[in-house]
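**Q** Contents of final-v1.cif (mmCIF, C-alpha atoms):
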```cif
data_structure
loop_
_atom_site.label_atom_id
_atom_site.label_comp_id
_atom_site.auth_asym_id
_atom_site.auth_seq_id
_atom_site.Cartn_x
_atom_site.Cartn_y
_atom_site.Cartn_z
CA LYS A 1 17.67 3.49 0.13
CA THR A 2 14.38 1.63 -0.25
CA LYS A 3 12.76 1.49 -3.68
CA THR A 4 9.63 3.20 -2.32
CA ARG A 5 11.71 6.03 -0.91
CA GLY A 6 13.57 6.41 -4.21
CA VAL A 7 10.38 6.59 -6.27
CA MET A 8 8.87 9.02 -3.73
CA GLU A 9 11.85 11.34 -4.23
CA ILE A 10 11.47 11.08 -8.01
CA LEU A 11 7.78 11.98 -7.67
CA SER A 12 8.41 14.99 -5.44
CA ALA A 13 11.04 16.30 -7.88
CA ALA A 14 8.50 16.50 -10.73
CA SER A 15 8.15 19.84 -12.50
CA GLU A 16 4.45 19.85 -11.60
CA PHE A 17 5.44 20.80 -8.04
CA SER A 18 8.11 23.37 -8.87
CA SER A 19 5.65 26.25 -8.62
CA LEU A 20 4.56 25.55 -5.04
CA SER A 21 4.93 28.77 -3.08
CA ILE A 22 6.97 28.99 0.12
CA ARG A 23 5.21 31.48 2.40
CA ARG A 24 6.88 33.72 4.94
CA THR A 25 7.96 31.79 8.06
CA GLU A 26 7.00 28.52 6.33
CA GLU A 27 10.61 27.29 6.15
CA LYS A 28 10.62 27.03 9.95
CA THR A 29 7.40 24.98 9.90
CA LEU A 30 8.81 22.68 7.21
CA ARG A 31 11.97 22.15 9.27
CA ILE A 32 9.87 21.11 12.28
CA LEU A 33 7.79 18.71 10.16
CA ALA A 34 10.93 17.26 8.58
CA ARG A 35 12.31 16.18 11.97
CA LYS A 36 9.46 13.68 12.33
CA LEU A 37 9.46 12.25 8.81
CA LYS A 38 9.67 8.49 8.38
CA HIS A 39 12.38 8.92 5.72
CA ALA A 40 15.01 11.60 6.20
CA LEU A 41 15.30 14.19 3.46
CA PRO A 42 18.17 13.90 0.96
CA ASP A 43 21.31 15.76 2.03
CA SER A 44 20.85 18.21 -0.86
CA SER A 45 17.39 19.33 0.32
CA GLN A 46 16.72 23.04 0.77
CA TYR A 47 13.71 24.23 2.76
CA HIS A 48 13.10 27.14 0.40
CA ASP A 49 12.78 24.66 -2.48
CA SER A 50 9.29 23.78 -3.71
CA ASN A 51 10.16 20.15 -4.45
CA THR A 52 11.51 19.66 -0.93
CA LYS A 53 8.20 21.01 0.34
CA ALA A 54 6.37 18.50 -1.88
CA LEU A 55 8.41 15.61 -0.44
CA ILE A 56 7.68 16.72 3.14
CA LEU A 57 3.94 17.08 2.49
CA LEU A 58 3.75 13.72 0.75
CA GLN A 59 5.31 11.99 3.76
CA CYS A 60 2.96 13.91 6.07
CA HIS A 61 0.05 12.54 3.99
CA PHE A 62 1.25 8.94 4.38
CA SER A 63 1.72 9.44 8.13
CA ARG A 64 -1.56 11.38 8.42
CA THR A 65 0.19 14.27 10.15
CA ALA A 66 -1.97 17.26 11.10
CA LEU A 67 -1.21 20.40 9.05
CA SER A 68 -2.21 24.04 8.96
CA ALA A 69 -4.98 25.04 6.53
CA ASP A 70 -2.50 26.55 4.03
CA LEU A 71 -0.24 23.51 4.03
CA ARG A 72 -3.26 21.24 3.81
CA ASN A 73 -4.37 23.07 0.66
CA ASP A 74 -0.88 22.71 -0.80
CA GLN A 75 -0.91 19.02 0.07
CA GLN A 76 -4.27 18.55 -1.69
CA SER A 77 -2.83 20.18 -4.80
CA ILE A 78 0.16 17.82 -4.73
CA LEU A 79 -2.04 14.75 -4.29
CA GLY A 80 -4.30 15.79 -7.16
CA GLU A 81 -1.33 15.70 -9.56
CA SER A 82 0.54 12.75 -8.09
CA VAL A 83 -1.37 9.77 -9.53
CA ARG A 84 -0.93 11.03 -13.09
CA VAL A 85 2.78 11.66 -12.51
CA ILE A 86 3.21 8.19 -10.97
CA GLN A 87 1.60 6.62 -14.04
CA ALA A 88 4.25 8.34 -16.17
CA ILE A 89 6.99 7.16 -13.79
CA VAL A 90 5.72 3.58 -14.11
CA ASP A 91 5.81 3.88 -17.91
CA VAL A 92 9.42 5.10 -17.87
CA ILE A 93 10.55 2.41 -15.42
CA SER A 94 8.77 -0.36 -17.33
CA SER A 95 10.29 0.78 -20.64
CA ASN A 96 13.66 0.00 -19.05
CA GLY A 97 12.42 -3.44 -17.97
CA TRP A 98 12.89 -2.89 -14.22
CA LEU A 99 10.43 -4.97 -12.21
CA LYS A 100 10.91 -4.08 -8.54
CA PRO A 101 11.06 -0.29 -9.02
CA ALA A 102 7.89 -0.48 -11.14
CA LEU A 103 6.07 -2.42 -8.41
CA ALA A 104 7.30 0.15 -5.85
CA ALA A 105 5.87 2.98 -7.97
CA MET A 106 2.53 1.16 -8.17
CA GLU A 107 2.48 0.81 -4.38
CA LEU A 108 3.24 4.54 -4.13
CA SER A 109 0.05 5.23 -6.12
CA GLN A 110 -1.92 3.23 -3.53
CA MET A 111 -0.25 5.22 -0.75
CA VAL A 112 -1.19 8.53 -2.36
CA VAL A 113 -4.84 7.55 -2.81
CA GLN A 114 -5.34 6.06 0.67
CA GLY A 115 -2.97 8.22 2.73
CA LEU A 116 -0.94 5.38 4.25
CA TRP A 117 2.49 3.79 4.02
CA SER A 118 2.56 0.54 2.06
CA LYS A 119 3.53 -1.41 5.19
CA ASP A 120 0.64 -0.03 7.27
CA HIS A 121 -2.18 -2.41 8.15
CA ALA A 122 -4.67 -2.62 5.26
CA LEU A 123 -7.56 -2.09 7.70
CA MET A 124 -6.29 1.45 8.34
CA GLN A 125 -7.75 2.39 4.94
CA ILE A 126 -11.26 1.99 6.36
CA PRO A 127 -12.73 5.31 7.57
CA HIS A 128 -12.68 5.82 11.37
CA PHE A 129 -10.46 2.78 11.97
CA THR A 130 -7.83 3.33 14.65
CA LYS A 131 -4.93 1.28 15.96
CA GLU A 132 -7.15 0.35 18.92
CA ILE A 133 -9.83 -1.08 16.63
CA ILE A 134 -7.21 -3.04 14.71
CA GLN A 135 -5.80 -4.40 17.96
CA ARG A 136 -9.26 -5.63 18.95
CA CYS A 137 -9.65 -7.26 15.53
CA GLY A 138 -6.24 -8.91 15.91
CA ALA A 139 -7.14 -10.22 19.36
CA PHE A 140 -10.49 -11.63 18.21
CA GLU A 141 -10.65 -15.36 18.96
CA GLY A 142 -13.45 -16.40 16.66
CA GLU A 143 -13.48 -19.27 14.20
CA ASP A 144 -11.64 -17.14 11.61
CA PRO A 145 -9.25 -14.21 12.18
CA VAL A 146 -10.31 -10.66 11.32
CA GLU A 147 -7.40 -9.40 9.23
CA SER A 148 -8.75 -8.01 5.97
CA VAL A 149 -11.48 -5.77 4.61
CA PHE A 150 -13.31 -8.89 3.45
CA ASP A 151 -13.27 -10.23 7.02
CA ILE A 152 -14.99 -7.05 8.26
CA LEU A 153 -17.79 -7.72 5.78
CA SER A 154 -18.16 -11.40 6.61
CA ILE A 155 -18.35 -11.35 10.43
CA ASP A 156 -21.69 -11.27 12.26
CA ASP A 157 -23.20 -7.85 12.95
CA ASP A 158 -22.96 -8.18 16.73
CA VAL A 159 -19.30 -9.19 16.54
CA ARG A 160 -18.57 -6.31 14.16
CA ASN A 161 -20.31 -3.82 16.41
CA ASP A 162 -18.33 -5.02 19.42
CA LEU A 163 -14.98 -4.85 17.60
CA LEU A 164 -15.55 -1.46 15.96
CA ARG A 165 -17.64 0.38 18.60
CA LEU A 166 -18.55 3.14 16.16
CA SER A 167 -21.63 5.34 15.80
CA ASP A 168 -24.27 4.49 13.20
CA GLU A 169 -23.06 7.38 11.06
CA ASP A 170 -19.46 6.17 11.15
CA MET A 171 -20.59 2.58 10.51
CA ALA A 172 -22.30 3.82 7.35
CA ASP A 173 -18.94 5.19 6.15
CA VAL A 174 -17.34 1.84 6.93
CA ALA A 175 -20.00 0.06 4.88
CA VAL A 176 -19.43 2.36 1.88
CA PHE A 177 -15.71 1.64 1.90
CA CYS A 178 -16.02 -2.11 2.41
CA ASN A 179 -18.61 -2.44 -0.35
CA SER A 180 -16.35 -0.48 -2.72
CA TYR A 181 -13.23 -2.48 -1.91
CA PRO A 182 -12.44 -4.69 -4.93
CA ASN A 183 -12.84 -8.45 -4.77
CA ILE A 184 -11.32 -9.54 -8.07
CA ASP A 185 -11.13 -12.96 -9.72
CA VAL A 186 -8.12 -13.37 -12.02
CA ASN A 187 -7.88 -15.99 -14.76
CA PHE A 188 -5.02 -16.30 -17.23
CA GLU A 189 -3.74 -18.55 -19.98
CA VAL A 190 -0.51 -18.63 -21.94
CA GLN A 191 -1.30 -19.27 -25.59
CA ASP A 192 0.31 -22.37 -27.09
CA ILE A 193 2.24 -22.89 -23.86
CA ASP A 194 3.62 -26.29 -24.94
CA ASN A 195 5.32 -24.85 -28.03
CA VAL A 196 7.29 -21.88 -26.70
CA THR A 197 10.77 -21.63 -28.18
CA ALA A 198 13.68 -19.34 -27.32
CA GLY A 199 13.22 -15.76 -28.53
CA ASP A 200 9.59 -16.33 -29.61
CA ALA A 201 6.80 -13.85 -29.00
CA VAL A 202 4.55 -15.23 -26.25
CA GLN A 203 0.96 -14.14 -25.71
CA MET A 204 -0.90 -14.34 -22.41
CA ASN A 205 -4.63 -13.71 -22.05
CA VAL A 206 -5.70 -12.32 -18.67
CA LYS A 207 -9.25 -11.70 -17.45
CA LEU A 208 -10.16 -9.68 -14.38
CA GLU A 209 -13.70 -10.00 -13.07
CA ARG A 210 -15.16 -8.19 -10.10
CA GLU A 211 -17.21 -10.26 -7.69
CA VAL A 212 -20.47 -8.40 -7.10
CA ASP A 213 -23.83 -9.20 -5.54
CA GLU A 214 -26.15 -9.83 -8.49
CA GLU A 215 -28.98 -8.11 -6.64
CA ASP A 216 -26.96 -4.90 -6.47
CA VAL A 217 -25.60 -4.86 -10.02
CA ASP A 218 -28.37 -2.75 -11.57
CA ASP A 219 -28.62 -0.38 -8.62
CA GLU A 220 -24.88 0.22 -8.34
CA ALA A 221 -23.72 -0.17 -11.96
CA ASP A 222 -22.72 3.48 -12.22
CA GLN A 223 -20.72 3.22 -8.97
CA LEU A 224 -18.67 0.16 -9.91
CA GLY A 225 -15.01 1.05 -9.90
CA ILE A 226 -15.44 4.36 -8.05
CA VAL A 227 -12.71 4.45 -5.41
CA SER A 228 -13.58 5.06 -1.77
CA ALA A 229 -10.75 7.34 -0.60
CA PRO A 230 -11.75 10.01 1.93
CA LEU A 231 -8.23 11.50 2.04
CA TYR A 232 -7.85 11.84 -1.74
CA PRO A 233 -9.04 15.20 -3.12
CA LYS A 234 -10.63 13.98 -6.39
CA GLU A 235 -13.16 11.39 -7.48
CA LYS A 236 -11.20 8.49 -8.89
CA LYS A 237 -11.89 5.41 -10.97
CA GLU A 238 -10.04 2.19 -10.22
CA SER A 239 -7.21 1.16 -12.51
CA TRP A 240 -5.08 -1.96 -12.43
CA TRP A 241 -1.61 -2.66 -13.69
CA ILE A 242 -1.23 -6.15 -15.19
CA VAL A 243 2.45 -7.13 -15.15
CA ILE A 244 4.46 -10.13 -16.23
CA GLY A 245 7.90 -10.29 -14.66
CA ASP A 246 10.80 -12.49 -13.71
CA THR A 247 11.55 -11.88 -10.03
CA LYS A 248 14.80 -13.85 -10.26
CA THR A 249 16.32 -11.41 -12.76
CA ASN A 250 14.25 -8.37 -11.70
CA SER A 251 12.97 -8.13 -15.28
CA LEU A 252 9.64 -6.63 -16.30
CA LEU A 253 8.55 -8.40 -19.48
CA SER A 254 5.15 -6.84 -20.21
CA LEU A 255 2.74 -4.34 -18.67
CA LYS A 256 -0.70 -2.90 -19.33
CA ARG A 257 -2.87 -0.54 -17.27
CA VAL A 258 -6.63 -1.09 -17.47
CA SER A 259 -9.79 0.34 -15.99
CA LEU A 260 -12.17 -2.14 -14.41
CA ASN A 261 -15.90 -1.91 -13.98
CA ARG A 262 -17.40 -5.41 -14.02
CA SER A 263 -14.78 -7.28 -16.07
CA VAL A 264 -11.95 -6.68 -18.50
CA ALA A 265 -9.88 -8.93 -20.76
CA VAL A 266 -6.24 -8.11 -21.52
CA LYS A 267 -3.71 -9.52 -23.97
CA LEU A 268 -0.08 -9.28 -22.95
CA GLU A 269 2.85 -10.09 -25.20
CA PHE A 270 6.47 -10.66 -24.26
CA ILE A 271 9.56 -12.25 -25.74
CA ALA A 272 10.55 -15.66 -24.41
CA PRO A 273 14.05 -15.93 -22.91
CA GLU A 274 16.89 -16.43 -25.41
CA GLU A 275 18.12 -19.53 -23.60
CA ALA A 276 16.12 -22.75 -23.53
CA GLY A 277 15.11 -24.02 -20.10
CA ASP A 278 12.43 -23.93 -17.41
CA TYR A 279 11.44 -20.52 -16.06
CA ASN A 280 9.10 -19.40 -13.30
CA LEU A 281 7.58 -16.06 -14.25
CA THR A 282 5.07 -14.11 -12.14
CA LEU A 283 1.83 -12.41 -13.10
CA PHE A 284 1.09 -9.37 -10.93
CA CYS A 285 -2.29 -7.63 -10.73
CA MET A 286 -1.64 -4.34 -8.94
CA SER A 287 -4.30 -1.88 -7.85
CA ASP A 288 -3.51 1.81 -8.29
CA SER A 289 -5.91 2.80 -5.48
CA TYR A 290 -6.14 0.26 -2.64
CA LEU A 291 -3.67 -1.49 -0.34
CA GLY A 292 -3.98 -5.19 0.36
CA CYS A 293 -5.82 -6.40 -2.74
CA ASP A 294 -2.91 -7.00 -5.13
CA GLN A 295 -2.59 -10.51 -6.51
CA GLU A 296 0.29 -12.50 -7.93
CA TYR A 297 0.44 -15.85 -9.64
CA SER A 298 3.25 -18.19 -10.62
CA VAL A 299 3.54 -18.76 -14.37
CA PRO A 300 5.80 -21.77 -15.15
CA LEU A 301 7.22 -21.57 -18.66
CA SER A 302 9.24 -24.24 -20.46
CA VAL A 303 11.25 -22.75 -23.31
CA ALA A 304 12.47 -25.09 -26.03
CA VAL A 305 15.47 -24.61 -28.32
CA GLY A 306 14.59 -22.27 -31.19
CA ASP A 307 14.91 -23.05 -34.90
CA SER A 308 17.92 -20.78 -35.28
CA ASP A 309 19.71 -22.69 -32.52
CA ASP A 310 18.95 -25.99 -34.29
CA GLU A 311 20.38 -24.57 -37.53
CA ASP A 312 23.51 -23.34 -35.75
CA ASP A 313 23.99 -26.78 -34.19
CA SER A 314 23.60 -28.54 -37.54
CA GLU A 315 26.07 -26.13 -39.17
CA ASP A 316 28.58 -26.78 -36.40
CA ASN A 317 28.16 -30.53 -36.85
CA SER A 318 28.65 -30.37 -40.61
CA THR A 319 31.79 -28.24 -40.16
CA ASP A 320 33.19 -30.78 -37.72
CA GLU A 321 32.57 -33.59 -40.20
CA GLU A 322 34.49 -31.72 -42.91
#
```
Could I get this structure in the form of structure tokens?

**A**
Amino acid sequence: KTKTRGVMEILSAASEFSSLSIRRTEEKTLRILARKLKHALPDSSQYHDSNTKALILLQCHFSRTALSADLRNDQQSILGESVRVIQAIVDVISSNGWLKPALAAMELSQMVVQGLWSKDHALMQIPHFTKEIIQRCGAFEGEDPVESVFDILSIDDDVRNDLLRLSDEDMADVAVFCNSYPNIDVNFEVQDIDNVTAGDAVQMNVKLEREVDEEDVDDEADQLGIVSAPLYPKEKKESWWIVIGDTKTNSLLSLKRVSLNRSVAVKLEFIAPEEAGDYNLTLFCMSDSYLGCDQEYSVPLSVAVGDSDDEDDSEDNSTDEE
């Protein structure tokens, strides 16, 4: 079972969805929808169960499956609660120090907000984009490939018009999304990095800063951080999870969730490994709203022998001498 699938099942089992009604004849419709799901339902699933319905409608959201008006309303209700529930799931997972499941839950938040699977092409987030448009972008033989939201912004207007072939009204929606999509600079520093000893508390300072056009700052200050998400039923502000982890041991060492307008500074603390040696930790900056803009950085850390270890060694030596 994939970690994303596991977290998705945990989300759909939340008590928030236990009161979803199952209308007459709806079980049959749910059975039909379930046959086409990307991930098969658990063997214990019952079609008269509200949480099974929530799991089906979540997967339909990620696959952008057409639904009846009633099911669409139910789906909107589920989505409106899901981000808050996922934040709680991340908190529980991180309190146990599990890195990969926490990252999977963060990706699930992006999926809920944008209505896509995490492995879908990031350009599918952009309104009116189709697989055909993405194929044209992939086949483009210009100086630079067109693979990301930033590439859509940077290409010449005539090239963009030829690749997208959208109406002026649809192009305006594309512009809104692309201008909202976060371009974030990340800077970090481990305090006193040359004097880290085993078992010590370590502090890392992290700064996130949004790249914005200075000419637009005053005009758009109140819109900074507002998520462009046509398939999400609520207005949403961007949040970011800042995570320090050890991918080798699947350990999550520290986590904070922050809102970001123009810039934000974060202090993270974690305990250095108990054994001296060289470690390669990773800093993750994970969006809760967009696919394709997460960042990760290698954080080399040399851990020296702690004072208690020195004392133990000296005691052992003195005992040997006696």

**Q** Go through A:Leu20, A:Ile226, A:Ala66, A:Ala198 one by one, measure the shortest atom-to-atom distance of each to Lys53 of chain A using only C-alpha atoms, and give the residue with the smallest value.

**A** A:Leu20

**Q** I need the residue set behind the PyMOL selection byres ((chain A and resi 33) around 10) for this file; please write it as a PyMOL selection string.

**A** chain A and resi 27-32+34-37+56-57+59-60+65-67

**Q** Quick one: everything within 10 Å of Leu253 of chain A, counting all atoms listed in the file, minus sequence neighbours fewer than 4 positions away in the same chain. Send it as number ranges by chain.

**A** A: 94-99, 243-246, 268-273, 281-282

**Q** Between atom CA of Arg165 of chain A and atom CA of Cys137 of chain A, measure the distance and give it in Å to one decimal.

**A**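 Interatomic distance here is 11.5 Å.
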
**Q** Atom CA of Ala139 of chain A and atom CA of Lys38 of chain A are how many Å apart?

**A** 27.4 Å

**Q** At a cut-off of 10 Å, using all atoms listed in the file, what residues contact Met124 of chain A? Leave out same-chain residues fewer than 5 positions from it and give the result as a PyMOL selection string.

**A** chain A and resi 114-116+129-131+133-134+149+291

**Q** Output C-alpha atoms for every residue in the selection just made, as a short mmCIF file (atom, residue, chain, number, x, y, z; two decimals), keeping the file's coordinate frame.

**A**
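Final output, again.cif:
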```cif
data_model
loop_
_atom_site.label_atom_id
_atom_site.label_comp_id
_atom_site.auth_asym_id
_atom_site.auth_seq_id
_atom_site.Cartn_x
_atom_site.Cartn_y
_atom_site.Cartn_z
CA GLN A 114 -5.34 6.06 0.67
CA GLY A 115 -2.97 8.22 2.73
CA LEU A 116 -0.94 5.38 4.25
CA PHE A 129 -10.46 2.78 11.97
CA THR A 130 -7.83 3.33 14.65
CA LYS A 131 -4.93 1.28 15.96
CA ILE A 133 -9.83 -1.08 16.63
CA ILE A 134 -7.21 -3.04 14.71
CA VAL A 149 -11.48 -5.77 4.61
CA LEU A 291 -3.67 -1.49 -0.34
#
```

**Q** Atom CA of Arg160 of chain A to atom CA of Gly292 of chain A: how many Å, to one decimal?

**A**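 One can read the atom CA of Arg160 of chain A to atom CA of Gly292 of chain A distance as 20.1 Å.
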
**Q** Exactly which residues make up the result of the PyMOL selection byres ((chain A and resi 51) around 7) on this file, given as a list in words?

**A**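 This file gives the following for the PyMOL selection byres ((chain A and resi 51) around 7): Ser12, Ala13, Phe17, Ser18, Asp49, Ser50, Thr52, Lys53, Ala54 and Leu55 of chain A.
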
**Q** Do you know which residues the PyMOL selection byres ((chain A and resi 227) around 8) returns on this file, as a list of chain:residue names?

**A** A:Ser180, A:Tyr181, A:Gly225, A:Ile226, A:Ser228, A:Ala229, A:Glu235, A:Lys236, A:Lys237, A:Glu238, A:Ser289

**Q** Which neighbours of Phe188 of chain A fall inside 10 Å, counting only C-alpha atoms, when residues of the same chain fewer than 6 positions from it are skipped, and could you give them as a ChimeraX atom specification?

**A** /A:204-208,265-267,283,297,299

**Q** List as JSON, numbers by chain the protein and nucleic acid residues near segment 210-212 of chain A, meaning an atom at most 7 Å away when only C-alpha atoms are counted, but skip any in the same chain fewer than 5 places from it.

**A** {"A": [182, 183, 184, 185, 217, 262, 263]}

**Q** If we count all atoms listed in the file and set the cut-off at 8 Å, which residues sit around Ser302 of chain A, ignoring sequence neighbours fewer than 6 positions away in its own chain? Please answer as a list in words.

**A**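 Listed by chain and then number, they are Ile193, Asp194, Val196, Ala276, Gly277, Asp278 and Tyr279 of chain A.
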
**Q** Just checking: using all atoms listed in the file, which residue out of A:Leu224, A:Leu301, A:Ala175, A:Cys285 ends up closest to Val190 of chain A?

**A**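 Of A:Leu224, A:Leu301, A:Ala175, A:Cys285, the one nearest Val190 of chain A, counting all atoms listed in the file, is A:Leu301.
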